[in-house]
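J.: Take a look at data.cif, mmCIF, C-alpha atoms:
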```cif
data_query
#
loop_
_atom_site.label_atom_id
_atom_site.label_comp_id
_atom_site.auth_asym_id
_atom_site.auth_seq_id
_atom_site.Cartn_x
_atom_site.Cartn_y
_atom_site.Cartn_z
CA MET A 1 223.95 259.80 118.31
CA ALA A 2 221.87 260.73 115.28
CA GLY A 3 222.54 258.98 111.99
CA ASP A 4 222.24 260.17 108.43
CA ALA A 5 218.77 260.21 106.89
CA SER A 6 218.16 257.16 104.64
CA ALA A 7 217.82 257.61 100.90
CA PRO A 8 214.21 257.67 99.61
CA ARG A 9 212.74 254.28 98.57
CA LYS A 10 212.06 253.69 94.90
CA CYS A 11 208.70 252.33 93.67
CA ALA A 12 208.76 248.57 92.99
CA GLY A 13 206.79 249.01 89.77
CA SER A 14 208.89 247.79 86.86
CA ASP A 15 207.85 250.70 84.65
CA CYS A 16 207.94 253.39 87.37
CA GLU A 17 210.75 255.72 88.42
CA ASN A 18 208.84 257.51 91.19
CA ASP A 19 209.72 257.43 94.84
CA ALA A 20 207.66 254.93 96.80
CA GLY A 21 205.13 255.92 99.40
CA SER A 22 204.03 253.86 102.37
CA LEU A 23 201.94 251.39 100.31
CA GLN A 24 203.32 247.84 100.65
CA CYS A 25 202.40 244.64 98.85
CA PRO A 26 200.47 242.56 101.48
CA ASN A 27 201.65 239.22 100.06
CA CYS A 28 205.27 240.33 100.25
CA GLN A 29 204.72 241.27 103.87
CA LYS A 30 203.54 237.73 104.63
CA LEU A 31 206.69 236.36 102.98
CA GLY A 32 208.93 238.73 104.95
CA LYS A 33 209.84 240.87 101.94
CA GLU A 34 209.59 244.64 101.56
CA ASN A 35 208.18 246.03 98.32
CA TYR A 36 206.70 249.54 98.26
CA PHE A 37 204.69 251.28 95.56
CA CYS A 38 204.03 254.90 94.81
CA SER A 39 200.27 254.46 94.40
CA GLN A 40 197.43 251.97 94.23
CA ASP A 41 197.15 252.43 90.46
CA CYS A 42 200.83 251.63 90.00
CA PHE A 43 200.46 248.52 92.17
CA LYS A 44 197.49 247.29 90.09
CA ARG A 45 199.26 248.05 86.81
CA ASN A 46 202.32 245.99 87.79
CA TRP A 47 200.47 243.15 89.54
CA SER A 48 200.74 240.59 86.71
CA GLU A 49 204.54 240.77 86.83
CA HIS A 50 204.97 241.43 90.51
CA LYS A 51 202.97 238.36 91.63
CA LYS A 52 205.59 236.10 90.03
CA LEU A 53 207.88 237.00 92.91
CA HIS A 54 205.41 235.39 95.33
CA LYS A 55 205.40 232.09 93.45
CA SER A 56 209.16 231.79 93.31
CA GLN A 57 209.47 232.74 96.96
CA SER A 58 206.74 230.27 97.96
CA SER A 59 208.46 227.48 96.04
CA LEU A 60 211.72 228.23 97.79
CA LEU A 61 210.08 228.17 101.20
CA GLN A 62 208.29 224.89 100.41
CA ASN A 63 211.60 223.30 99.46
CA LEU A 64 213.21 224.49 102.67
CA PHE A 65 210.18 223.67 104.84
CA PRO A 66 208.12 220.96 103.13
CA PRO A 67 204.49 220.78 104.33
CA ASN A 68 203.66 218.00 106.74
CA VAL A 69 201.33 215.95 104.53
CA VAL A 70 202.93 212.55 104.97
CA SER A 71 200.79 209.86 106.56
CA TYR A 72 203.12 207.45 108.31
CA PRO A 73 202.08 203.78 108.53
CA ASP A 74 200.76 202.52 111.82
CA PRO A 75 203.71 200.63 113.39
CA ALA A 76 201.43 197.81 114.51
CA THR A 77 199.55 197.23 111.23
CA GLY A 78 201.45 199.07 108.49
CA HIS A 79 198.19 200.75 107.47
CA PHE A 80 197.97 204.41 106.48
CA ASN A 81 195.68 207.05 104.99
CA PRO A 82 197.11 208.05 101.57
CA PHE A 83 195.23 211.39 101.52
CA PRO A 84 195.76 212.89 105.00
CA THR A 85 195.03 216.49 103.96
CA PHE A 86 191.91 215.75 101.92
CA PRO A 87 188.71 217.22 103.43
CA PHE A 88 186.68 214.02 103.73
CA THR A 89 182.93 214.60 103.98
CA GLY A 90 182.16 211.85 106.49
CA THR A 91 183.87 209.59 108.98
CA LEU A 92 185.12 207.00 106.50
CA ARG A 93 188.83 206.97 105.55
CA PRO A 94 190.79 204.85 103.08
CA VAL A 95 193.03 202.25 104.70
CA TYR A 96 196.09 201.49 102.59
CA PRO A 97 198.23 199.81 101.36
CA LEU A 98 196.10 198.15 98.72
CA SER A 99 196.81 194.50 98.10
CA ALA A 100 198.66 193.53 94.93
CA LYS A 101 196.71 193.35 91.68
CA ARG A 102 195.03 189.98 91.39
CA GLU A 103 195.91 187.95 88.31
CA VAL A 104 193.56 186.37 85.79
CA PRO A 105 194.69 183.25 83.89
CA LYS A 106 195.19 183.70 80.16
CA SER A 107 192.79 180.81 79.58
CA ILE A 108 189.93 183.18 80.52
CA GLN A 109 188.61 185.55 77.86
CA TYR A 110 189.72 189.15 78.52
CA PRO A 111 187.80 192.34 77.68
CA ASP A 112 189.73 194.78 75.49
CA TYR A 113 190.80 197.00 78.41
CA ALA A 114 192.26 194.23 80.58
CA LYS A 115 195.90 194.93 79.71
CA ASP A 116 196.16 198.72 79.34
CA GLY A 117 192.99 199.95 81.07
CA ILE A 118 191.53 201.60 77.96
CA PRO A 119 188.06 200.39 76.83
CA ARG A 120 188.61 201.22 73.16
CA SER A 121 185.45 199.45 72.06
CA GLU A 122 183.45 202.02 74.07
CA GLN A 123 185.28 205.00 72.60
CA VAL A 124 184.12 204.76 69.00
CA PHE A 125 182.24 207.83 67.83
CA VAL A 126 180.33 206.41 64.87
CA GLY A 127 177.07 204.98 66.11
CA ARG A 128 177.96 205.36 69.78
CA ASN A 129 174.43 206.61 70.60
CA LYS A 130 172.73 203.77 68.74
CA ILE A 131 171.13 201.32 71.17
CA ALA A 132 171.90 197.69 70.36
CA ILE A 133 169.08 195.20 69.76
CA LEU A 134 170.31 191.75 70.77
CA ASP A 135 169.33 188.68 68.77
CA LEU A 136 168.20 185.48 70.49
CA LYS A 137 171.73 184.03 70.72
CA GLN A 138 173.07 187.26 72.21
CA GLN A 139 170.19 187.40 74.67
CA GLU A 140 171.08 183.90 75.84
CA GLY A 141 174.69 185.06 76.31
CA MET A 142 173.42 187.87 78.53
CA ARG A 143 171.25 185.46 80.53
CA LYS A 144 174.20 183.21 81.24
CA VAL A 145 176.63 185.93 82.37
CA CYS A 146 173.97 187.56 84.53
CA ARG A 147 173.19 184.25 86.26
CA LEU A 148 176.89 183.86 87.01
CA ALA A 149 177.11 187.44 88.29
CA ARG A 150 174.20 186.79 90.67
CA GLU A 151 175.99 183.71 92.02
CA VAL A 152 179.16 185.72 92.66
CA LEU A 153 177.32 188.58 94.37
CA ASP A 154 175.55 186.13 96.67
CA ILE A 155 178.88 184.53 97.61
CA ALA A 156 180.35 187.96 98.42
CA ALA A 157 177.28 188.98 100.43
CA ARG A 158 177.52 185.90 102.65
CA ALA A 159 181.08 186.91 103.55
CA ALA A 160 180.17 190.55 104.37
CA LYS A 161 180.04 190.64 108.16
CA PRO A 162 181.71 192.55 111.00
CA GLY A 163 185.45 191.90 111.25
CA VAL A 164 186.28 191.27 107.58
CA THR A 165 187.97 193.76 105.27
CA THR A 166 186.62 194.93 101.95
CA ASP A 167 189.86 193.62 100.43
CA PHE A 168 188.84 190.15 101.66
CA ILE A 169 185.54 190.56 99.81
CA ASP A 170 187.49 191.53 96.69
CA GLU A 171 189.53 188.35 97.01
CA ILE A 172 186.37 186.26 97.32
CA VAL A 173 184.78 187.91 94.28
CA HIS A 174 187.94 187.49 92.22
CA LYS A 175 188.21 183.76 93.01
CA ALA A 176 184.49 183.19 92.38
CA CYS A 177 184.80 184.83 88.95
CA LEU A 178 187.75 182.65 87.99
CA GLU A 179 185.91 179.54 89.17
CA ARG A 180 183.19 180.45 86.65
CA ASN A 181 185.70 180.99 83.83
CA SER A 182 184.85 184.69 83.94
CA TYR A 183 186.81 187.93 84.05
CA PRO A 184 185.87 190.40 86.84
CA SER A 185 184.81 193.35 84.66
CA PRO A 186 185.90 196.19 87.02
CA LEU A 187 189.53 194.99 87.09
CA ASN A 188 191.62 197.57 85.19
CA TYR A 189 188.54 199.14 83.60
CA CYS A 190 189.81 202.69 83.10
CA HIS A 191 192.57 201.56 85.52
CA PHE A 192 190.26 200.62 88.40
CA PRO A 193 192.59 198.55 90.63
CA LYS A 194 190.23 195.88 92.00
CA SER A 195 187.75 193.20 90.94
CA VAL A 196 184.67 194.59 92.71
CA CYS A 197 183.40 197.92 94.03
CA THR A 198 182.71 198.05 97.78
CA SER A 199 180.99 201.21 99.01
CA PRO A 200 180.25 201.56 102.75
CA ASN A 201 178.07 204.15 104.51
CA GLU A 202 178.54 207.60 102.88
CA ILE A 203 180.25 206.16 99.78
CA ILE A 204 177.84 206.38 96.86
CA CYS A 205 179.66 204.10 94.44
CA HIS A 206 183.04 202.98 93.05
CA GLY A 207 184.59 202.36 96.46
CA ILE A 208 187.99 200.65 96.18
CA PRO A 209 188.40 197.56 98.40
CA ASP A 210 191.13 198.15 100.98
CA GLN A 211 192.20 197.17 104.49
CA ARG A 212 189.29 198.79 106.32
CA VAL A 213 187.52 196.34 108.63
CA LEU A 214 183.73 196.26 108.39
CA LYS A 215 182.02 197.25 111.64
CA ASN A 216 178.75 196.25 113.23
CA GLY A 217 176.40 199.06 112.13
CA ASP A 218 177.87 199.66 108.66
CA ILE A 219 175.88 199.35 105.47
CA LEU A 220 177.80 198.09 102.44
CA ASN A 221 177.08 198.15 98.73
CA ILE A 222 178.76 195.38 96.72
CA ASP A 223 178.82 195.99 92.96
CA VAL A 224 179.71 192.91 90.89
CA THR A 225 180.18 192.66 87.12
CA LEU A 226 181.36 189.61 85.18
CA TYR A 227 182.63 189.24 81.64
CA HIS A 228 181.85 185.79 80.21
CA GLY A 229 181.36 184.56 76.67
CA GLY A 230 181.88 188.08 75.31
CA PHE A 231 179.13 189.69 77.45
CA HIS A 232 179.01 191.69 80.71
CA GLY A 233 176.51 191.11 83.53
CA ASP A 234 176.16 193.85 86.16
CA LEU A 235 174.30 194.04 89.50
CA ASN A 236 174.66 195.35 93.02
CA GLU A 237 172.90 195.35 96.38
CA THR A 238 173.36 197.11 99.71
CA TYR A 239 173.64 194.93 102.81
CA TYR A 240 173.29 195.47 106.55
CA ILE A 241 176.51 194.66 108.43
CA GLY A 242 175.56 193.27 111.83
CA ASP A 243 172.50 193.73 114.03
CA LYS A 244 173.30 197.39 114.77
CA ALA A 245 172.67 198.31 111.15
CA LEU A 246 169.29 196.56 111.19
CA ALA A 247 168.40 198.48 114.36
CA ASP A 248 169.29 201.90 112.92
CA SER A 249 166.14 203.51 111.51
CA ASP A 250 167.98 205.85 109.13
CA SER A 251 170.08 203.05 107.66
CA VAL A 252 166.98 200.94 107.13
CA ARG A 253 165.13 203.89 105.61
CA VAL A 254 167.79 204.65 102.99
CA VAL A 255 168.47 201.00 102.13
CA GLU A 256 164.83 199.99 101.79
CA THR A 257 164.00 203.17 99.87
CA ALA A 258 166.75 202.43 97.35
CA ARG A 259 165.52 198.82 97.04
CA GLU A 260 161.92 199.89 96.44
CA CYS A 261 162.97 202.63 94.02
CA LEU A 262 164.57 200.00 91.80
CA ASP A 263 161.59 197.65 92.13
CA GLN A 264 159.07 200.35 91.20
CA ALA A 265 161.20 201.57 88.28
CA ILE A 266 161.42 198.04 86.86
CA GLU A 267 157.60 197.76 87.00
CA ILE A 268 157.25 200.35 84.22
CA VAL A 269 159.86 198.82 81.88
CA LYS A 270 158.29 197.52 78.64
CA PRO A 271 158.46 198.32 74.94
CA GLY A 272 157.68 201.99 74.42
CA MET A 273 158.93 203.18 77.81
CA LEU A 274 160.90 206.41 77.53
CA PHE A 275 164.32 206.25 79.16
CA ARG A 276 163.53 209.46 81.00
CA ASP A 277 160.54 207.87 82.78
CA PRO A 278 162.22 205.73 85.51
CA GLY A 279 163.66 208.88 87.07
CA ASN A 280 160.18 210.25 87.73
CA VAL A 281 159.14 207.07 89.54
CA ILE A 282 162.35 206.88 91.55
CA GLU A 283 162.40 210.47 92.74
CA LYS A 284 158.74 210.47 93.72
CA LEU A 285 159.31 207.58 96.11
CA ALA A 286 162.65 208.89 97.38
CA LYS A 287 161.21 212.30 98.27
CA SER A 288 158.26 210.68 100.03
CA ARG A 289 160.81 209.02 102.33
CA ASN A 290 162.72 212.26 102.94
CA CYS A 291 165.61 211.07 100.77
CA SER A 292 167.48 212.49 97.79
CA VAL A 293 168.45 210.95 94.45
CA ILE A 294 172.11 211.14 93.39
CA LYS A 295 172.20 212.80 89.97
CA THR A 296 175.79 212.31 88.84
CA TYR A 297 175.51 208.62 87.96
CA CYS A 298 172.94 206.79 85.85
CA GLY A 299 171.92 203.40 84.53
CA HIS A 300 173.51 202.35 81.25
CA GLY A 301 173.32 200.02 78.32
CA ILE A 302 175.22 196.77 78.72
CA ASN A 303 175.97 193.88 76.37
CA GLN A 304 179.32 193.17 74.72
CA LEU A 305 180.28 196.57 76.16
CA PHE A 306 180.46 197.32 79.88
CA HIS A 307 178.90 200.79 79.44
CA CYS A 308 177.07 202.05 76.36
CA ALA A 309 173.81 203.65 75.24
CA PRO A 310 171.22 204.24 76.57
CA ASN A 311 171.69 206.44 79.63
CA VAL A 312 168.96 205.95 82.24
CA PRO A 313 168.96 208.83 84.78
CA HIS A 314 167.38 208.24 88.17
CA TYR A 315 166.08 211.76 88.89
CA ALA A 316 162.85 213.43 87.75
CA LYS A 317 162.41 215.75 84.77
CA ASN A 318 165.64 214.55 83.12
CA LYS A 319 166.32 214.92 79.41
CA ALA A 320 167.29 211.34 78.51
CA VAL A 321 166.53 210.37 74.92
CA GLY A 322 165.33 207.08 73.53
CA THR A 323 162.59 204.48 73.84
CA ALA A 324 162.80 200.90 75.09
CA LYS A 325 162.45 198.18 72.46
CA PRO A 326 162.50 194.37 72.66
CA GLY A 327 166.05 193.03 72.71
CA MET A 328 167.59 196.02 74.49
CA CYS A 329 169.68 195.41 77.61
CA PHE A 330 170.39 198.08 80.20
CA THR A 331 170.72 198.64 83.93
CA ILE A 332 168.71 200.69 86.38
CA GLU A 333 170.69 201.42 89.55
CA PRO A 334 169.29 204.22 91.74
CA MET A 335 171.58 205.73 94.38
CA ILE A 336 169.64 207.24 97.27
CA SER A 337 170.94 209.52 100.02
CA LEU A 338 169.64 210.50 103.44
CA GLY A 339 170.86 214.05 102.79
CA THR A 340 172.07 215.99 99.76
CA HIS A 341 172.08 214.68 96.22
CA LYS A 342 175.54 216.19 95.65
CA ASP A 343 178.70 214.11 95.57
CA LYS A 344 182.44 214.55 96.05
CA THR A 345 185.16 212.30 94.62
CA TRP A 346 188.18 211.23 96.66
CA PRO A 347 191.71 211.82 95.30
CA ASP A 348 191.86 208.19 94.12
CA ASP A 349 189.62 209.45 91.25
CA TRP A 350 187.06 206.71 91.89
CA THR A 351 185.49 206.77 95.35
CA SER A 352 182.37 208.97 95.32
CA ALA A 353 180.99 210.21 98.65
CA THR A 354 177.98 212.33 99.59
CA GLN A 355 179.00 215.96 100.09
CA ASP A 356 177.40 216.13 103.53
CA GLY A 357 178.66 212.73 104.71
CA THR A 358 175.18 211.21 105.03
CA ARG A 359 174.57 207.55 104.30
CA THR A 360 173.62 206.32 100.87
CA ALA A 361 172.37 203.05 99.37
CA GLN A 362 172.09 201.57 95.90
CA PHE A 363 170.55 198.57 94.11
CA GLU A 364 171.04 197.49 90.49
CA HIS A 365 169.71 194.94 88.03
CA THR A 366 170.54 194.18 84.41
CA LEU A 367 167.29 194.13 82.43
CA LEU A 368 166.24 192.71 79.06
CA VAL A 369 163.24 194.27 77.34
CA THR A 370 160.90 191.55 76.03
CA GLU A 371 157.98 191.70 73.60
CA ASP A 372 155.49 192.34 76.39
CA GLY A 373 157.54 193.56 79.37
CA VAL A 374 160.92 192.99 80.99
CA GLU A 375 163.11 190.11 82.16
CA ILE A 376 165.31 190.73 85.22
CA LEU A 377 168.46 188.91 84.16
CA THR A 378 170.15 189.35 87.55
CA ALA A 379 167.08 188.45 89.65
CA ARG A 380 167.56 187.21 93.20
CA LEU A 381 167.56 183.47 93.81
CA PRO A 382 165.43 181.80 96.52
CA ASP A 383 168.49 181.51 98.78
CA SER A 384 170.08 184.90 97.99
CA PRO A 385 171.27 186.64 101.18
CA GLY A 386 169.87 189.98 102.22
CA GLY A 387 166.42 190.96 101.11
CA PRO A 388 163.88 193.53 102.27
CA VAL A 389 163.18 194.37 105.91
CA PRO A 390 160.34 196.52 107.30
CA LEU A 391 160.90 200.20 108.05
CA LEU A 392 161.42 200.87 111.75
CA THR A 393 159.52 204.16 111.90
CA PRO A 394 156.62 205.71 109.97
CA GLU A 395 157.68 207.38 106.76
CA PRO A 396 158.25 211.15 107.17
CA ALA A 397 155.66 213.20 105.32
CA ALA A 398 157.83 216.28 104.71
CA SER A 399 160.45 216.68 102.02
CA ASN A 400 164.08 217.03 103.06
CA GLY A 401 164.10 220.60 101.78
CA ASP A 402 166.67 219.95 99.05
CA SER A 403 164.84 221.86 96.36
CA THR A 404 167.54 221.20 93.77
CA VAL A 405 167.09 217.43 93.67
CA ALA A 406 164.90 217.68 90.58
CA SER A 407 166.49 219.36 87.61
#
```
Can you present the structure in this file as structure tokens?
T.:
Amino acid sequence: MAGDASAPRKCAGSDCENDAGSLQCPNCQKLGKENYFCSQDCFKRNWSEHKKLHKSQSSLLQNLFPPNVVSYPDPATGHFNPFPTFPFTGTLRPVYPLSAKREVPKSIQYPDYAKDGIPRSEQVFVGRNKIAILDLKQQEGMRKVCRLAREVLDIAARAAKPGVTTDFIDEIVHKACLERNSYPSPLNYCHFPKSVCTSPNEIICHGIPDQRVLKNGDILNIDVTLYHGGFHGDLNETYYIGDKALADSDSVRVVETARECLDQAIEIVKPGMLFRDPGNVIEKLAKSRNCSVIKTYCGHGINQLFHCAPNVPHYAKNKAVGTAKPGMCFTIEPMISLGTHKDKTWPDDWTSATQDGTRTAQFEHTLLVTEDGVEILTARLPDSPGGPVPLLTPEPAASNGDSTVAS
């Protein structure tokens, strides 16, 4: 039996009274809706209003069928990945839950950000680019806090071995700081949740200590800063975790290159050095080892403030301003990658990883410019763990082909 012919469809354009043709909105088709237009021009003219229908429909569908982005805790351990849909660049994953915030007794002097996470002393605009010249008393304050920071880093490094978690290292650092009547500077700095930064393998810097267990073959950067007597002391080193790391030629190449980059950069520090010069030294060595220099992060001034002027970039042909003068304190802390110089930050807003997932290493010292050279305030002690090891293979002669490393 034949039915009656259906009435002609009307164009979905809000300002159009024409009959619709066969042109349908493709997004409506995906959502199971039918919206026809009389012409392509009419569709384009009404797009800004019409697309609102897609958003409301999508929201409705998401409420009815929420996306499966929940990471359920492992029944055996209670551990979980808080960012299950994030496109991680390498094999490393965060292992939550984080331990509770560690407390600092009120008898210890706090930096200004300790309670609310806001370093107000660093946010002043008047004179913020002026580089402080420390007097003799202030220089002695920096020497003391840097000696304490070296002690704490060495304690943490001795505990870094296969089978321990980075959270355990955080606990050790926190206790060692308190034993020295010092505040762990990273704690609540811009709301950082822990007392130390632990950055394994492809993590460039600012790794948050969690429940991940260190494995034989990892490399691990431990970044320690103390606040004592009104001054900050900052240093870090990258360590080999187990014999497998020491036997891996690429791991040794990136770690030893980063170590030597810092050493060679320090050799040029003296009054009159331009703050743009260390980057030229660092990148020349890194490229000779087929490595890249991370460009996002730089060395910084340090004194009563955790981070201040000057900026000391680690890559060549940078535009840093300023000249070193006696009494200035700053860090140099090159971050070297086996692959690209580009980075990607995890959703925790802190953890920075290489974009291609390749391994990276970093070393840092706090330096004081003297009348005739430089004093390494965070220098290694005779019994400091770690230290240089020989490269396992001849250095590659060719560049890694990353032509954008130098700006």
J.: Find the nearest atom pair between each residue of segment 349-368 of chain A and segment 255-268 of chain A for residues within 10 Å, count only C-alpha atoms, give distances in Å to one decimal, sort rows by chain and ascending number, and present the table as a tab-separated table.
T.:
```
residue	atom	partner	partner_atom	distance
A:Arg359	CA	A:Val255	CA	9.2
A:Thr360	CA	A:Val255	CA	7.5
A:Ala361	CA	A:Val255	CA	5.2
A:Gln362	CA	A:Ala258	CA	5.6
A:Phe363	CA	A:Arg259	CA	5.8
A:Glu364	CA	A:Leu262	CA	7.1
A:His365	CA	A:Leu262	CA	8.1
A:Leu367	CA	A:Ile266	CA	8.3
```
J.: Separation of atom CA of Pro385 of chain A and atom CA of Asn236 of chain A, in Å?
T.: 12.4 Å
J.: Could you write out as a PDB file with C-alpha atoms, in the frame of the given file the residues that the PyMOL selection byres ((chain A and resi 105-122) around 9) matches in the shown file?
T.:
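The resulting file, out-v2.pdb, is shown below:
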```pdb
ATOM      1  CA  GLU A 103     195.910 187.950  88.310  1.00  0.00           C
ATOM      2  CA  VAL A 104     193.560 186.370  85.790  1.00  0.00           C
ATOM      3  CA  GLN A 123     185.280 205.000  72.600  1.00  0.00           C
ATOM      4  CA  VAL A 124     184.120 204.760  69.000  1.00  0.00           C
ATOM      5  CA  PHE A 125     182.240 207.830  67.830  1.00  0.00           C
ATOM      6  CA  ARG A 128     177.960 205.360  69.780  1.00  0.00           C
ATOM      7  CA  LEU A 178     187.750 182.650  87.990  1.00  0.00           C
ATOM      8  CA  ASN A 181     185.700 180.990  83.830  1.00  0.00           C
ATOM      9  CA  SER A 182     184.850 184.690  83.940  1.00  0.00           C
ATOM     10  CA  TYR A 183     186.810 187.930  84.050  1.00  0.00           C
ATOM     11  CA  SER A 185     184.810 193.350  84.660  1.00  0.00           C
ATOM     12  CA  LEU A 187     189.530 194.990  87.090  1.00  0.00           C
ATOM     13  CA  ASN A 188     191.620 197.570  85.190  1.00  0.00           C
ATOM     14  CA  TYR A 189     188.540 199.140  83.600  1.00  0.00           C
ATOM     15  CA  CYS A 190     189.810 202.690  83.100  1.00  0.00           C
ATOM     16  CA  HIS A 191     192.570 201.560  85.520  1.00  0.00           C
ATOM     17  CA  PHE A 192     190.260 200.620  88.400  1.00  0.00           C
ATOM     18  CA  TYR A 227     182.630 189.240  81.640  1.00  0.00           C
ATOM     19  CA  HIS A 228     181.850 185.790  80.210  1.00  0.00           C
ATOM     20  CA  GLY A 229     181.360 184.560  76.670  1.00  0.00           C
ATOM     21  CA  GLY A 230     181.880 188.080  75.310  1.00  0.00           C
ATOM     22  CA  LEU A 305     180.280 196.570  76.160  1.00  0.00           C
ATOM     23  CA  PHE A 306     180.460 197.320  79.880  1.00  0.00           C
ATOM     24  CA  HIS A 307     178.900 200.790  79.440  1.00  0.00           C
ATOM     25  CA  CYS A 308     177.070 202.050  76.360  1.00  0.00           C
TER      26      CYS A 308
END
```
J.: What residues come out when you apply the PyMOL selection byres ((chain A and resi 303) around 7) to this file, written as a ChimeraX atom specification?
T.: /A:142,231-232,301-302,304-306,329
J.: Can you work out the spacing between atom CA of Asn290 of chain A and atom CA of His341 of chain A in Å, to one decimal?
T.: 11.8 Å
J.: Taking the file as I've supplied it (selection: the PyMOL selection byres ((chain A and resi 244) around 12)), which residues are included? Please answer as a VMD selection string.
T.: chain A and resid 161 to 162 215 to 219 240 to 243 245 to 252
J.: If you count all atoms listed in the file, which residues fall within 6 Å of segment 278-288 of chain A, apart from same-chain ones fewer than 4 positions away, as a ChimeraX atom specification?
T.: /A:261,265,313-316,399
J.: Near Cys11 of chain A, counting only C-alpha atoms, which residues have an atom at most 8 Å away, once you skip same-chain residues fewer than 6 positions from it, shown as a list in words?
T.: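 Neighbouring residues, sequence-local ones excluded: Glu17, Asn18, Asp19, Ala20, Gly21, Asn35, Tyr36, Phe37 and Cys38 of chain A.
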J.: Would you pick out the contacts of His50 of chain A at 10 Å or less, using only C-alpha atoms, so that residues sharing its chain but fewer than 5 positions from it are not included, and give the list as a list of chain:residue names?
T.: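 In the requested format, the answer is A:Ala12, A:Gly13, A:Ser14, A:Cys25, A:Cys28, A:Asn35, A:Phe43, A:Lys44, A:Arg45, A:Lys55.
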J.: Could you tell me how far atom CA of Thr91 of chain A sits from atom CA of Asp343 of chain A, in Å to one decimal place?
T.: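 Atom CA of Thr91 of chain A lies 15.1 Å from atom CA of Asp343 of chain A.
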J.: Quick one: of A:Ala320, A:Ile204, A:Ala159, A:Val312, who's nearest to Thr340 of chain A, counting only C-alpha atoms?
T.: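 Using only C-alpha atoms, the shortest distance to Thr340 of chain A belongs to A:Ile204.
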J.: Name all residues at most 7 Å from Ser199 of chain A (count only C-alpha atoms; drop same-chain ones fewer than 5 positions away) and give them as an mmCIF file with C-alpha atoms, in the frame of the given file.
T.:
```cif
data_model
loop_
_atom_site.group_PDB
_atom_site.id
_atom_site.type_symbol
_atom_site.label_atom_id
_atom_site.label_comp_id
_atom_site.auth_asym_id
_atom_site.auth_seq_id
_atom_site.Cartn_x
_atom_site.Cartn_y
_atom_site.Cartn_z
ATOM 1 C CA ILE A 204 177.840 206.380 96.860
ATOM 2 C CA CYS A 205 179.660 204.100 94.440
ATOM 3 C CA HIS A 206 183.040 202.980 93.050
ATOM 4 C CA GLY A 207 184.590 202.360 96.460
ATOM 5 C CA LEU A 220 177.800 198.090 102.440
ATOM 6 C CA ASN A 221 177.080 198.150 98.730
ATOM 7 C CA ILE A 222 178.760 195.380 96.720
#
```
J.: From the set A:Arg380, A:Lys144, A:Lys137, A:Lys342, which residue has the shortest atom-to-atom contact distance to Gly327 of chain A, counting only C-alpha atoms?
T.: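 Smallest distance to Gly327 of chain A is found for A:Lys137.
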J.: I need the residue nearest Thr225 of chain A from this list: A:Asp15, A:Glu151, A:Asp372, A:Glu49. Use all atoms listed in the file for the distance.
T.: A:Glu151
J.: Counting all atoms listed in the file, figure out which residue out of A:Gly233, A:Pro87, A:Gly78, A:Pro193 gets nearest to Val152 of chain A.
T.: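 Among the listed residues, the smallest separation from Val152 of chain A belongs to A:Gly233.
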